[in-house]
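Below is one structure, written out as structure tokens; comments come after it.
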Amino acid sequence: MAAINAVTDLTVEGDIGVVTLNSPPVNALSAQVREGLKGAFEAAIADPAVQAIVLICEGKTFIAGADISEFGKAMTGPSLQDVQNTIENAPKPVVAAIHGTALGGGLEVALVAHYRVAVPSAKAGLPEVNIGLLPGAGGTQRLPRIVGVEKALEMVTSGQHVPAKAALAMGLFDSLVEEGALRDGAIAFARVVLAEGRPLKKVRDLSDKVEAARGKPEIFAEFRKANARKFRGFLAPENNIKCIEAAVNLPFDEGLKEERRLFMELMTGSQSAAQRYVFFAERQAAKIPDVPDDTSTIPVKKVGVIGAGTMGGGISMNFLNAGIPVTIIEAKQENLDRGVGIIRKNYENTARKGRLTQDDVEKRMGLLTPSMHLEDLADCDLIIEAVFELMEIKKDVFGKLDKIAKPGAILATNTSYLDVDQIAAVTSRPESVIGLHFFSPANVMRLLEIVRGEKTDKSVIATAMKLSKTIGKVGVLVGVCFGFVGNRMLAQRQREAQKLILEGAMPWDVDRVLYEFGLPMGPFAMSDLAGLDIGWDPAKTSSSTVREVLCEMDRRGQKNGKGFYDYDENRVAKPSPEVEKVILDFAQKRQIQRREISDQEILERCLYPMVNEGAKILEEGKAIRASDIDIVWINGYGWPVYRGGPMFWGELVGLDKVLAGMKAFQEKHGDDFKPSALLERLVAEGKGFKDA
Ligand code: 3HC
Ligand code: NAI
């Protein structure tokens with residue numbers, strides 16, 4: 001065995017040269033890896049004993065792509081294209097042996113091998129689109145030559161990881177070998193190639209699949225149209241599509257040039273910078289400075305959920321989906337039946353769409369035990385309370401739980417705003433109490449705010465962080481404060497939106513500006529969706545806000561066809577003249593002189609206070625880092641990932657500009673715009689949030 005460098009070996013086994021990469025954690029194509037690969041292939045090519053070459057990786061995966069942490073820095077070592085040329089032009093057959101995930105640049109390396117073998121658990125994909133990029137090492141030119149244009153379009157714009165069996169069926173893999181026996185299987189495959197004298201297949205030379213799509217621009221037009229909603233605001237999908245078009249319409253080398261040009265366009269833009277930041281921010285959020293990775297965790301084999309309403313049902317589904325049994329408790333039989341019925345209906349809808357078998361539905365429902373007795377939670381490892389948002393009720397529930405739950409069980413509350421420490425204080429075991437704040441719909445939204453109480457034990461935190469991964473969520477640790485991170489910042493935006501409609505804008509103006517910014521909907525459309533009458537009490541109503549007046553007029557939102565907007569039978573929203581009049585009358589009664597409000601002002605009024613509130617949250621230590629706040633907003637509120645989250649966006653705008661904006665608004669509109677001390681300090685010191 002010869003070490004080529006610290007991460008690459010070349011072993012010669014009879015007539016086969018085996019190039020082994022070992023660069024944890026994911027064998028990403030760093031300068032060192034590229035250098036090792038080039039050196040190893042050159043050595044194997046030069047060795048007369050070697051008749052064929054196998055490329056294999058140690059660790060959990062084949063090459064998972066370019067090294068994203070190197071992006072934006074000066075390149076050192078050989079380029080990836082250089083490495084690929086060496087492999088593709090090798091005069092001996094090259095076999096890529098794939099396990100784990102061959103992603104991005106990793107798959108692009110495999111695509112310059114002459115053959116690809118994999119174990120059944122392997123996956124392959126070109127996920128660059130998810131970091132605002134496109135496959136920049138020939139992936140967009142080679143992939144359609146194997147799988148055809150339609151599948152290639154799907155793969156590069158979704159970034160999906162294709163399982164081995166499907167990859168085999170579409171010709172991306174040539175053969176599957178036994179799980180756990182990749183090395184031997186790949187060597188045996190290489191020997192068959194040699195024995196049968198199979199050709200050195202170069203993907204670049206294949207042409208039938210791309211020719212089949214030539215002269216059919218409608219393929220692309222239809223694809224764009226079908227996905228317009230999904231791609232809205234993103235630049236990368238369009239550039240990926242253009243590359244596939246180039247593969248169809250241009251000779252291979254010209255296509256490569258076009259791919260490079262479109263790649264660089266994305267690489268130098270702010271969207272990809274934001275999406276790469278989010279990639280690392282999400283992984284960073286899992287790291288808690290005083291709760292190290294080796295902190296002991298509590299096994300969660302059985303979960304209890306209290307309340308089978310909007311949230312309790314969705315929360316339960318997360319655990320049922322992960323195969324963890326759930327006992328769900330309600331106070332009234334009819335509520336229990338309704339809640340369980342909704343869970344079943346959700347699963348059946350998914351089954352109807354073909355994303356679940358009827359068997360799966362029954363299996364999941366079989367894990368659910370409905371009950372009216374809190375005592376049935378005695379053997380649960382984790383109990384999540386999702387009853388009404390009232391402190392007295394929560395305290396009552398936790399007081400009872402304290403007597404019922406087994407020692408060491410985690411007692412969690414799904415409260416949106418209430419003080420977790422106060423809730424914990426009614427128990428004899430505040431160290432076991434934590435907030436697990438799911439977002440609606442709880443079985444869909446990826447965010448889980450994990451609220452650390454004053455006395456929450458580290459093992460409880462570590463368990464919650466781990467569990468969030470088990471149920472497919474992104475867990476973000478936050479501190480106790482009103483509304484935690486997400487809702488606390490949301491309140492800023494909501495307040496300004498309400499003020500803006502009295503000062504001169506209309507709900508549809510505010511909504512349009514925020515929608516165009518990239519949010520899934522504006523605040524007024526959101527209120528209509530949720531229902532204007534949430535928390536509205538007809539007995540206590542006093543026409544004190546526009547919303548109250550609308551409720552008094554029975555404008556309750558989408559559910560009865562009228563809220564801030566009028567809805568037609570297809571739930572399409574139209575600006576409402578009636579609402580316009582309500583707003584004008586309301587402003588007049590308050591003697592507000594209405595004025596023209598620019599889109600820019602709407603955006604700044606709604607978003608600057610959010611950035612400022614984020615700074616306060618950081619200052620108070622309620623979030624560990626600014627990037628955690630961004631992860632909350634991206635996964636819980638649909639903040640466009642290509643804008644990196646409010647804190648990233650604030651820095652992109654310039655913290656000095658945000659501060660100046662806040663001060664100018666403060667002068668005109670008062671202390672709602674008082675800048676946070678942290679923002680002032682960072683601007684004075686010319687620093688960013690990461691230096692906070
Ligand atoms: N570059 C640098 N670091 C990477 C990386 C990459 N491509 N992929 C993963 N990592 C790091 C992560 O940051 C993490 O580091 P940490 O432990 O210090 O936080 C570590 O590897 C493990 O990653 P995960 O926690 O995500 O591990 P999982 O096992 O959950 O997932 C994975 C593994 C599926 C490979 C996932 O990490 C992933 O999807 N990675 C990104 C793949 C990707 O986007 N590839 C394309 C890159 S762009 C490219 O190739 C351009 C080319 O076309 C020219
Ligand atoms: P909901 O009103 O839909 O459901 C609450 C359920 O709890 C009802 O079915 C009720 O019968 C039941 N319940 C009340 N007291 C009970 C008791 N003592 N024992 C057993 N069951 C009892 O309310 P929703 O929306 O599900 O909210 C629940 C909690 O989740 C609240 O704390 C809320 O703030 C929080 N939350 C709500 C979100 C939302 O978007 N709806 C989002 C995130 C958190």
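Labels used: A, B, ... for chains in the order of the structure tokens, numbers from 1 for residues in each chain, and numbers from 1 for ligands as shown.
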
Can I get the residues close to ligand 2 as number ranges by chain, where close means within 8 Å and we count only C-alpha atoms and all ligand atoms? A: 306-313, 329-332, 335-336, 339, 372, 374, 385-390, 393-394, 396-397, 413-417, 437-442, 530

I'd like the neighbourhood of A:Asp509 as a PyMOL selection string, where a residue qualifies if any of its atoms comes within 12 Å (using only C-alpha atoms), though same-chain residues fewer than 2 positions away should be ignored. chain A and resi 497+500-501+504-507+511-516+521-525+564-565+575+580+596-603

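Considering only C-alpha atoms and all ligand atoms, the residues that reside within 6 Å of ligand 1 can be listed as A:Pro25, A:Val26, A:Ala28, A:Ala64, A:Gly65, A:Ala66, A:Asp67, A:Ile68, A:Ser69, A:Leu103, A:Gly104, A:Gly105, A:Pro127, A:Glu128, A:Pro135, A:Gly136, A:Ala137, A:Phe280, A:Arg283.
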
Write out as number ranges by chain the set of residues from stretch 207-389 of chain A that DSSP, computed on the backbone, places in strand (DSSP E or B). A: 288, 291, 303-306, 326-329, 368-371, 382-385

Residues near A:Ala188, anyone? I mean within 12 Å using only C-alpha atoms, not counting same-chain ones fewer than 4 positions away, as a ChimeraX atom specification. /A:13-16,18,52-54,95,97,117,175-178,181-184,192-195

Could you pull out the residues in stretch 183-345 of chain A that DSSP calls helix (DSSP H, G or I) from the backbone, as an MDAnalysis selection string? chainID A and resid 183:195 203:205 208:213 217:226 228:231 236:249 252:267 270:285 310:321 333:345

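With only C-alpha atoms as the atoms that count, the residue of A:Val474, A:Ala409, A:Ala623, A:Val278 with the shortest distance to A:Gly636 is A:Val474.
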
Between stretch 55-125 of chain A and stretch 36-50 of chain A, at 8 Å or less, what are the per-residue closest atom pairs and their distances in Å? Count only C-alpha atoms, order by chain and rising residue number, and return it as JSON lines.
{"residue": "A:Pro78", "atom": "CA", "partner": "A:Lys38", "partner_atom": "CA", "distance": 7.8}
{"residue": "A:Asp82", "atom": "CA", "partner": "A:Lys38", "partner_atom": "CA", "distance": 7.9}
{"residue": "A:Val83", "atom": "CA", "partner": "A:Lys38", "partner_atom": "CA", "distance": 5.2}
{"residue": "A:Thr86", "atom": "CA", "partner": "A:Lys38", "partner_atom": "CA", "distance": 6.8}
{"residue": "A:Ile87", "atom": "CA", "partner": "A:Phe41", "partner_atom": "CA", "distance": 6.7}
{"residue": "A:Ala90", "atom": "CA", "partner": "A:Ile45", "partner_atom": "CA", "distance": 6.6}
{"residue": "A:Pro91", "atom": "CA", "partner": "A:Ile45", "partner_atom": "CA", "distance": 7.3}
{"residue": "A:Lys92", "atom": "CA", "partner": "A:Ile45", "partner_atom": "CA", "distance": 7.2}

Selected residues, N, CA and C atoms, written as an mmCIF file, in the first residue's frame, please.
data_model
loop_
_atom_site.group_PDB
_atom_site.id
_atom_site.type_symbol
_atom_site.label_atom_id
_atom_site.label_comp_id
_atom_site.auth_asym_id
_atom_site.auth_seq_id
_atom_site.Cartn_x
_atom_site.Cartn_y
_atom_site.Cartn_z
ATOM 1 N N PRO A 78 -4.864 21.188 -7.423
ATOM 2 C CA PRO A 78 -5.444 20.985 -8.746
ATOM 3 C C PRO A 78 -6.941 21.284 -8.741
ATOM 4 N N ASP A 82 -9.474 19.244 -13.519
ATOM 5 C CA ASP A 82 -8.173 18.625 -13.766
ATOM 6 C C ASP A 82 -8.182 17.160 -13.303
ATOM 7 N N VAL A 83 -8.705 16.959 -12.087
ATOM 8 C CA VAL A 83 -8.808 15.603 -11.532
ATOM 9 C C VAL A 83 -9.716 14.757 -12.419
ATOM 10 N N THR A 86 -8.087 13.573 -15.602
ATOM 11 C CA THR A 86 -7.169 12.453 -15.366
ATOM 12 C C THR A 86 -7.940 11.139 -15.284
ATOM 13 N N ILE A 87 -9.058 11.158 -14.578
ATOM 14 C CA ILE A 87 -9.839 9.923 -14.402
ATOM 15 C C ILE A 87 -10.502 9.509 -15.716
ATOM 16 N N ALA A 90 -8.198 8.102 -18.340
ATOM 17 C CA ALA A 90 -7.336 6.973 -17.970
ATOM 18 C C ALA A 90 -7.436 5.901 -19.057
ATOM 19 N N PRO A 91 -6.319 5.320 -19.427
ATOM 20 C CA PRO A 91 -6.365 4.288 -20.469
ATOM 21 C C PRO A 91 -6.785 2.926 -19.921
ATOM 22 N N LYS A 92 -7.183 2.909 -18.640
ATOM 23 C CA LYS A 92 -7.615 1.656 -18.013
ATOM 24 C C LYS A 92 -9.004 1.897 -17.431
#

Per residue of stretch 71-179 of chain A within 9 Å of stretch 215-224 of chain A, note the shortest atom pair and the distance in Å to one decimal, counting only C-alpha atoms, and order the rows by chain and increasing residue number, as a tab-separated table.
residue	atom	partner	partner_atom	distance
A:Val149	CA	A:Ile219	CA	8.5
A:Glu150	CA	A:Ile219	CA	7.8
A:Leu153	CA	A:Phe223	CA	8.1
A:Glu154	CA	A:Phe223	CA	8.8

Take the residues just selected and output them with C-alpha atoms as a compact mmCIF listing (two decimals), in the first residue's frame.
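Okay, this is what ended up in again-v2.txt:
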# COMPACT_ATOMS: atom_id res chain seq x y z
CA VAL A 149 -33.71 15.28 -19.99
CA GLU A 150 -36.90 14.98 -17.92
CA LEU A 153 -34.37 18.40 -14.89
CA GLU A 154 -36.14 16.89 -11.92

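The two atoms in question, atom CA of A:Thr157 and atom CA of A:Lys242, are spaced 11.0 Å apart.
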
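Between atom CA of A:Cys481 and atom CA of A:Gly638 the separation is 22.1 Å.
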
Nearby residues (only C-alpha atoms) at most 7 Å from stretch 581-594 of chain A, same-chain spacing under 4 positions excluded, as a ChimeraX atom specification: /A:502-504,546,577
